[in-house]
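Chemist: Input file: start-v4.pdb. Contents: PDB, C-alpha atoms.
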```
MODEL        1
ATOM      1  CA  MET A 243     -68.973 -63.391 -40.865  1.00  0.00           C
ATOM      2  CA  GLN A 244     -68.869 -66.725 -42.691  1.00  0.00           C
ATOM      3  CA  GLU A 245     -67.208 -69.665 -40.990  1.00  0.00           C
ATOM      4  CA  GLU A 246     -64.453 -71.411 -42.916  1.00  0.00           C
ATOM      5  CA  GLN A 247     -65.181 -75.054 -43.652  1.00  0.00           C
ATOM      6  CA  VAL A 248     -62.578 -77.593 -42.625  1.00  0.00           C
ATOM      7  CA  GLU A 249     -61.779 -80.346 -45.111  1.00  0.00           C
ATOM      8  CA  ARG A 250     -62.542 -83.662 -43.422  1.00  0.00           C
ATOM      9  CA  ARG A 251     -61.607 -85.991 -46.253  1.00  0.00           C
ATOM     10  CA  LYS A 252     -58.585 -88.138 -45.621  1.00  0.00           C
ATOM     11  CA  TYR A 253     -57.851 -88.778 -49.313  1.00  0.00           C
ATOM     12  CA  LYS A 254     -57.542 -86.400 -52.261  1.00  0.00           C
ATOM     13  CA  ARG A 255     -60.528 -86.674 -54.639  1.00  0.00           C
ATOM     14  CA  PHE A 256     -60.176 -86.736 -58.418  1.00  0.00           C
ATOM     15  CA  ARG A 257     -62.795 -85.858 -61.043  1.00  0.00           C
ATOM     16  CA  ILE A 258     -63.683 -88.633 -63.461  1.00  0.00           C
ATOM     17  CA  PRO A 259     -64.578 -88.268 -67.173  1.00  0.00           C
ATOM     18  CA  VAL A 260     -68.009 -89.178 -68.528  1.00  0.00           C
ATOM     19  CA  GLY A 261     -68.297 -92.868 -69.327  1.00  0.00           C
ATOM     20  CA  VAL A 262     -66.819 -94.393 -66.173  1.00  0.00           C
ATOM     21  CA  PHE A 263     -69.318 -96.607 -64.378  1.00  0.00           C
ATOM     22  CA  LEU A 264     -69.698 -98.987 -61.491  1.00  0.00           C
ATOM     23  CA  SER A 265     -71.758-102.101 -61.056  1.00  0.00           C
ATOM     24  CA  PHE A 266     -72.559-104.178 -58.012  1.00  0.00           C
ATOM     25  CA  GLY A 267     -72.000-107.675 -59.327  1.00  0.00           C
ATOM     26  CA  PRO A 268     -73.449-110.300 -61.637  1.00  0.00           C
ATOM     27  CA  ASP A 269     -76.826-110.508 -59.885  1.00  0.00           C
ATOM     28  CA  ASP A 270     -77.436-106.741 -59.886  1.00  0.00           C
ATOM     29  CA  SER A 271     -78.149-104.994 -63.185  1.00  0.00           C
ATOM     30  CA  ARG A 272     -77.982-101.458 -61.745  1.00  0.00           C
ATOM     31  CA  LEU A 273     -75.231 -99.129 -62.897  1.00  0.00           C
ATOM     32  CA  GLY A 274     -73.922 -95.895 -61.468  1.00  0.00           C
ATOM     33  CA  GLU A 275     -71.868 -93.180 -63.141  1.00  0.00           C
ATOM     34  CA  ILE A 276     -68.783 -92.273 -61.116  1.00  0.00           C
ATOM     35  CA  ILE A 277     -68.445 -88.560 -60.304  1.00  0.00           C
ATOM     36  CA  ASP A 278     -65.174 -88.545 -58.384  1.00  0.00           C
ATOM     37  CA  ILE A 279     -62.807 -91.020 -56.777  1.00  0.00           C
ATOM     38  CA  SER A 280     -59.975 -91.334 -54.292  1.00  0.00           C
ATOM     39  CA  THR A 281     -57.981 -94.253 -52.968  1.00  0.00           C
ATOM     40  CA  GLY A 282     -60.395 -94.269 -50.019  1.00  0.00           C
ATOM     41  CA  GLY A 283     -63.761 -94.157 -51.790  1.00  0.00           C
ATOM     42  CA  LEU A 284     -65.885 -92.631 -54.531  1.00  0.00           C
ATOM     43  CA  ALA A 285     -69.088 -90.750 -55.312  1.00  0.00           C
ATOM     44  CA  TYR A 286     -71.518 -91.791 -58.025  1.00  0.00           C
ATOM     45  CA  ARG A 287     -74.966 -90.915 -59.373  1.00  0.00           C
ATOM     46  CA  TYR A 288     -77.669 -93.340 -60.354  1.00  0.00           C
ATOM     47  CA  LEU A 289     -81.319 -93.606 -61.330  1.00  0.00           C
ATOM     48  CA  ALA A 290     -83.412 -95.018 -58.510  1.00  0.00           C
ATOM     49  CA  THR A 291     -86.892 -96.491 -58.583  1.00  0.00           C
ATOM     50  CA  GLU A 292     -89.258 -96.694 -55.638  1.00  0.00           C
ATOM     51  CA  GLU A 293     -88.096-100.192 -54.737  1.00  0.00           C
ATOM     52  CA  GLN A 294     -84.329-100.579 -54.574  1.00  0.00           C
ATOM     53  CA  PRO A 295     -82.875-103.920 -53.529  1.00  0.00           C
ATOM     54  CA  ASN A 296     -79.883-103.902 -51.203  1.00  0.00           C
ATOM     55  CA  ARG A 297     -76.548-103.521 -52.936  1.00  0.00           C
ATOM     56  CA  GLY A 298     -74.053-106.354 -52.824  1.00  0.00           C
ATOM     57  CA  PRO A 299     -70.931-106.229 -50.661  1.00  0.00           C
ATOM     58  CA  THR A 300     -68.610-105.349 -53.557  1.00  0.00           C
ATOM     59  CA  LEU A 301     -68.530-103.044 -56.573  1.00  0.00           C
ATOM     60  CA  ASN A 302     -66.723-103.047 -59.912  1.00  0.00           C
ATOM     61  CA  ILE A 303     -65.331-100.024 -61.781  1.00  0.00           C
ATOM     62  CA  PHE A 304     -65.268-100.064 -65.578  1.00  0.00           C
ATOM     63  CA  LEU A 305     -65.052 -97.789 -68.615  1.00  0.00           C
ATOM     64  CA  THR A 306     -67.487 -98.039 -71.496  1.00  0.00           C
ATOM     65  CA  GLU A 307     -64.760 -98.802 -74.036  1.00  0.00           C
ATOM     66  CA  HIS A 308     -62.762-101.182 -71.809  1.00  0.00           C
ATOM     67  CA  ASP A 309     -63.289-104.184 -69.622  1.00  0.00           C
ATOM     68  CA  CYS A 310     -63.487-103.958 -65.867  1.00  0.00           C
ATOM     69  CA  CYS A 311     -60.606-101.907 -64.490  1.00  0.00           C
ATOM     70  CA  VAL A 312     -60.950-102.644 -60.793  1.00  0.00           C
ATOM     71  CA  ASP A 313     -63.255-105.333 -59.491  1.00  0.00           C
ATOM     72  CA  GLU A 314     -64.717-106.699 -56.275  1.00  0.00           C
ATOM     73  CA  LEU A 315     -63.959-103.645 -54.139  1.00  0.00           C
ATOM     74  CA  ARG A 316     -65.511-104.004 -50.703  1.00  0.00           C
ATOM     75  CA  PHE A 317     -67.333-100.852 -49.646  1.00  0.00           C
ATOM     76  CA  GLU A 318     -69.653 -99.204 -47.179  1.00  0.00           C
ATOM     77  CA  THR A 319     -72.190 -96.560 -48.195  1.00  0.00           C
ATOM     78  CA  VAL A 320     -71.566 -93.347 -46.232  1.00  0.00           C
ATOM     79  CA  SER A 321     -74.091 -91.054 -47.965  1.00  0.00           C
ATOM     80  CA  ASP A 322     -77.044 -91.391 -50.290  1.00  0.00           C
ATOM     81  CA  PHE A 323     -79.461 -88.610 -51.190  1.00  0.00           C
ATOM     82  CA  ARG A 324     -81.911 -87.537 -53.878  1.00  0.00           C
ATOM     83  CA  THR A 325     -80.612 -84.898 -56.272  1.00  0.00           C
ATOM     84  CA  CYS A 326     -83.688 -84.516 -58.509  1.00  0.00           C
ATOM     85  CA  ASP A 327     -86.950 -86.141 -59.557  1.00  0.00           C
ATOM     86  CA  ILE A 328     -87.652 -87.178 -63.124  1.00  0.00           C
ATOM     87  CA  ARG A 329     -91.035 -85.753 -64.045  1.00  0.00           C
ATOM     88  CA  PHE A 330     -94.024 -88.043 -64.499  1.00  0.00           C
ATOM     89  CA  THR A 331     -92.091 -91.174 -63.469  1.00  0.00           C
ATOM     90  CA  PRO A 332     -91.384 -92.999 -60.201  1.00  0.00           C
ATOM     91  CA  VAL A 333     -87.656 -92.522 -60.903  1.00  0.00           C
ATOM     92  CA  THR A 334     -85.283 -90.120 -59.128  1.00  0.00           C
ATOM     93  CA  MET A 335     -81.649 -89.246 -59.622  1.00  0.00           C
ATOM     94  CA  ARG A 336     -79.583 -89.949 -56.503  1.00  0.00           C
ATOM     95  CA  ARG A 337     -75.992 -89.370 -55.440  1.00  0.00           C
ATOM     96  CA  SER A 338     -74.199 -91.859 -53.245  1.00  0.00           C
ATOM     97  CA  GLY A 339     -70.816 -91.845 -51.546  1.00  0.00           C
ATOM     98  CA  VAL A 340     -68.964 -94.985 -50.570  1.00  0.00           C
ATOM     99  CA  GLN A 341     -65.889 -95.714 -48.510  1.00  0.00           C
ATOM    100  CA  PHE A 342     -63.753 -98.623 -49.629  1.00  0.00           C
ATOM    101  CA  GLY A 343     -63.151-101.448 -47.201  1.00  0.00           C
ATOM    102  CA  GLU A 344     -59.834-103.232 -46.868  1.00  0.00           C
ATOM    103  CA  LEU A 345     -58.258-103.664 -50.304  1.00  0.00           C
ATOM    104  CA  THR A 346     -55.777-106.278 -51.422  1.00  0.00           C
ATOM    105  CA  HIS A 347     -52.374-105.152 -52.677  1.00  0.00           C
ATOM    106  CA  SER A 348     -53.532-105.926 -56.230  1.00  0.00           C
ATOM    107  CA  GLN A 349     -56.739-103.875 -55.831  1.00  0.00           C
ATOM    108  CA  LYS A 350     -54.802-100.898 -54.405  1.00  0.00           C
ATOM    109  CA  SER A 351     -52.375-101.075 -57.308  1.00  0.00           C
ATOM    110  CA  ARG A 352     -55.155-101.258 -59.933  1.00  0.00           C
ATOM    111  CA  LEU A 353     -57.073 -98.418 -58.232  1.00  0.00           C
ATOM    112  CA  GLU A 354     -53.987 -96.188 -58.209  1.00  0.00           C
ATOM    113  CA  HIS A 355     -53.309 -97.099 -61.859  1.00  0.00           C
ATOM    114  CA  PHE A 356     -56.910 -96.218 -62.745  1.00  0.00           C
ATOM    115  CA  ILE A 357     -56.659 -92.806 -61.016  1.00  0.00           C
ATOM    116  CA  ASP A 358     -53.257 -92.058 -62.579  1.00  0.00           C
ATOM    117  CA  ASN A 359     -54.469 -92.915 -66.086  1.00  0.00           C
ATOM    118  CA  TYR A 360     -58.107 -91.792 -66.190  1.00  0.00           C
ATOM    119  CA  ALA A 361     -58.715 -89.046 -63.606  1.00  0.00           C
ATOM    120  CA  LEU A 362     -59.097 -85.489 -64.915  1.00  0.00           C
ATOM    121  CA  GLY A 363     -57.615 -83.709 -61.913  1.00  0.00           C
ATOM    122  CA  ASP A 364     -58.388 -83.098 -58.276  1.00  0.00           C
ATOM    123  CA  THR A 365     -61.641 -81.588 -57.017  1.00  0.00           C
TER     124      THR A 365
ENDMDL
END
```
So that I can check it, write out the structure of this file as structure tokens.
Modeler:
Amino acid sequence: MQEEQVERRKYKRFRIPVGVFLSFGPDDSRLGEIIDISTGGLAYRYLATEEQPNRGPTLNIFLTEHDCCVDELRFETVSDFRTCDIRFTPVTMRRSGVQFGELTHSQKSRLEHFIDNYALGDT
């Protein structure tokens, strides 16, 4: 008999369309593609090399055809794991989950606006 899994997430997650990315600030050129998002955090995938510098304390969410939608969100990484290797290179695809830190009223409002206007539906 299979045990039923209990949902532990506090916030409802929403799928995100292709072309929504995050960055970690002006001194970090790495980008991640957002997979899903909630008002409490998000999941993203990224290409990783063997040597990854530490990520900054904030992240920015943006769409390819628009400017930054929500910026300087404080976060804490809660998961990070390899999803696949890219053959004949030192690069792997990874998936990371982050929990947002304390957000300002303006950041909460912009995050909710982003979800309302760009999310595809709940997961």
Chemist: Between atom CA of Tyr253 of chain A and atom CA of Ile279 of chain A, measure the distance and give it in Å to one decimal.
Modeler: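 If I compute the distance from atom CA of Tyr253 of chain A to atom CA of Ile279 of chain A, I get 9.2 Å.
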Chemist: Taking all atoms listed in the file into account, which of A:Ile258, A:Leu353, A:Met335, A:Leu289 comes nearest Asn302 of chain A?
Modeler: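 Checking each candidate against Asn302 of chain A, we get A:Leu353 as the closest.
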Chemist: Which residues, written as an MDAnalysis selection string, have at least one atom at most 8 Å from Phe304 of chain A, with all atoms listed in the file counted and residues fewer than 6 positions away on the same chain left out?
Modeler: chainID A and resid 262:264 310:312
Chemist: On this structure, the PyMOL selection byres ((chain A and resi 285-288) around 8) would catch which residues? List them as a list in words, sorted by chain and number.
Modeler: Leu273, Gly274, Glu275, Ile276, Ile277, Asp278, Ile279, Gly283, Leu284, Leu289, Ala290, Met335, Arg336, Arg337, Ser338, Gly339 and Val340 of chain A
Chemist: Please produce a file of the residues just selected, as an mmCIF file, in the frame of the given file, where the atoms kept are C-alpha atoms.
Modeler:
```
data_model
loop_
_atom_site.group_PDB
_atom_site.id
_atom_site.type_symbol
_atom_site.label_atom_id
_atom_site.label_comp_id
_atom_site.auth_asym_id
_atom_site.auth_seq_id
_atom_site.Cartn_x
_atom_site.Cartn_y
_atom_site.Cartn_z
ATOM 1 C CA LEU A 273 -75.231 -99.129 -62.897
ATOM 2 C CA GLY A 274 -73.922 -95.895 -61.468
ATOM 3 C CA GLU A 275 -71.868 -93.180 -63.141
ATOM 4 C CA ILE A 276 -68.783 -92.273 -61.116
ATOM 5 C CA ILE A 277 -68.445 -88.560 -60.304
ATOM 6 C CA ASP A 278 -65.174 -88.545 -58.384
ATOM 7 C CA ILE A 279 -62.807 -91.020 -56.777
ATOM 8 C CA GLY A 283 -63.761 -94.157 -51.790
ATOM 9 C CA LEU A 284 -65.885 -92.631 -54.531
ATOM 10 C CA LEU A 289 -81.319 -93.606 -61.330
ATOM 11 C CA ALA A 290 -83.412 -95.018 -58.510
ATOM 12 C CA MET A 335 -81.649 -89.246 -59.622
ATOM 13 C CA ARG A 336 -79.583 -89.949 -56.503
ATOM 14 C CA ARG A 337 -75.992 -89.370 -55.440
ATOM 15 C CA SER A 338 -74.199 -91.859 -53.245
ATOM 16 C CA GLY A 339 -70.816 -91.845 -51.546
ATOM 17 C CA VAL A 340 -68.964 -94.985 -50.570
#
```
Chemist: What does the PyMOL selection byres ((chain A and resi 356) around 12) select in this file, as a VMD selection string?
Modeler: chain A and resid 256 258 to 259 262 279 to 281 303 to 305 308 310 to 313 349 to 355 357 to 362
Chemist: Restricted to C-alpha atoms, what would the selected residues look like written as a PDB file, in the coordinates of the input?
Modeler:
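Saved result, out-v2.pdb, follows:
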```pdb
ATOM      1  CA  PHE A 256     -60.176 -86.736 -58.418  1.00  0.00           C
ATOM      2  CA  ILE A 258     -63.683 -88.633 -63.461  1.00  0.00           C
ATOM      3  CA  PRO A 259     -64.578 -88.268 -67.173  1.00  0.00           C
ATOM      4  CA  VAL A 262     -66.819 -94.393 -66.173  1.00  0.00           C
ATOM      5  CA  ILE A 279     -62.807 -91.020 -56.777  1.00  0.00           C
ATOM      6  CA  SER A 280     -59.975 -91.334 -54.292  1.00  0.00           C
ATOM      7  CA  THR A 281     -57.981 -94.253 -52.968  1.00  0.00           C
ATOM      8  CA  ILE A 303     -65.331-100.024 -61.781  1.00  0.00           C
ATOM      9  CA  PHE A 304     -65.268-100.064 -65.578  1.00  0.00           C
ATOM     10  CA  LEU A 305     -65.052 -97.789 -68.615  1.00  0.00           C
ATOM     11  CA  HIS A 308     -62.762-101.182 -71.809  1.00  0.00           C
ATOM     12  CA  CYS A 310     -63.487-103.958 -65.867  1.00  0.00           C
ATOM     13  CA  CYS A 311     -60.606-101.907 -64.490  1.00  0.00           C
ATOM     14  CA  VAL A 312     -60.950-102.644 -60.793  1.00  0.00           C
ATOM     15  CA  ASP A 313     -63.255-105.333 -59.491  1.00  0.00           C
ATOM     16  CA  GLN A 349     -56.739-103.875 -55.831  1.00  0.00           C
ATOM     17  CA  LYS A 350     -54.802-100.898 -54.405  1.00  0.00           C
ATOM     18  CA  SER A 351     -52.375-101.075 -57.308  1.00  0.00           C
ATOM     19  CA  ARG A 352     -55.155-101.258 -59.933  1.00  0.00           C
ATOM     20  CA  LEU A 353     -57.073 -98.418 -58.232  1.00  0.00           C
ATOM     21  CA  GLU A 354     -53.987 -96.188 -58.209  1.00  0.00           C
ATOM     22  CA  HIS A 355     -53.309 -97.099 -61.859  1.00  0.00           C
ATOM     23  CA  ILE A 357     -56.659 -92.806 -61.016  1.00  0.00           C
ATOM     24  CA  ASP A 358     -53.257 -92.058 -62.579  1.00  0.00           C
ATOM     25  CA  ASN A 359     -54.469 -92.915 -66.086  1.00  0.00           C
ATOM     26  CA  TYR A 360     -58.107 -91.792 -66.190  1.00  0.00           C
ATOM     27  CA  ALA A 361     -58.715 -89.046 -63.606  1.00  0.00           C
ATOM     28  CA  LEU A 362     -59.097 -85.489 -64.915  1.00  0.00           C
TER      29      LEU A 362
END
```
Chemist: In Å, with one decimal, what is the gap from atom CA of Glu344 of chain A to atom CA of Glu307 of chain A?
Modeler: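 For atom CA of Glu344 of chain A relative to atom CA of Glu307 of chain A, the distance reads 28.0 Å.
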Chemist: Can you pull out the residues contacting Phe342 of chain A? Cut-off 8 Å, using only C-alpha atoms, and skip same-chain residues under 5 positions away; I want them as a PyMOL selection string.
Modeler: chain A and resi 281-283+315-318
Chemist: What is the atom CA of Pro268 of chain A to atom CA of Pro299 of chain A distance in Å?
Modeler: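 One can read the atom CA of Pro268 of chain A to atom CA of Pro299 of chain A distance as 12.0 Å.
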Chemist: Considering all atoms listed in the file, state which residue in the set A:Arg272, A:Thr300, A:Thr291, A:Arg257 is at the smallest distance from Leu345 of chain A.
Modeler: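 The answer is A:Thr300, which sits nearest to Leu345 of chain A.
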Chemist: Which centre and edge lengths in Å to one decimal define the box along x, y and z that fits every listed atom of segment 324-327 of chain A plus 8 Å per side, as lines of an AutoDock Vina configuration file?
Modeler:
```
center_x = -83.8
center_y = -86.0
center_z = -56.7
size_x = 22.3
size_y = 19.0
size_z = 21.7
```
Chemist: With distances taken over all atoms listed in the file, which of A:Thr334, A:Thr346, A:Cys326, A:Gly298 is nearest to Phe266 of chain A?
Modeler: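 Using all atoms listed in the file, the shortest distance to Phe266 of chain A belongs to A:Gly298.
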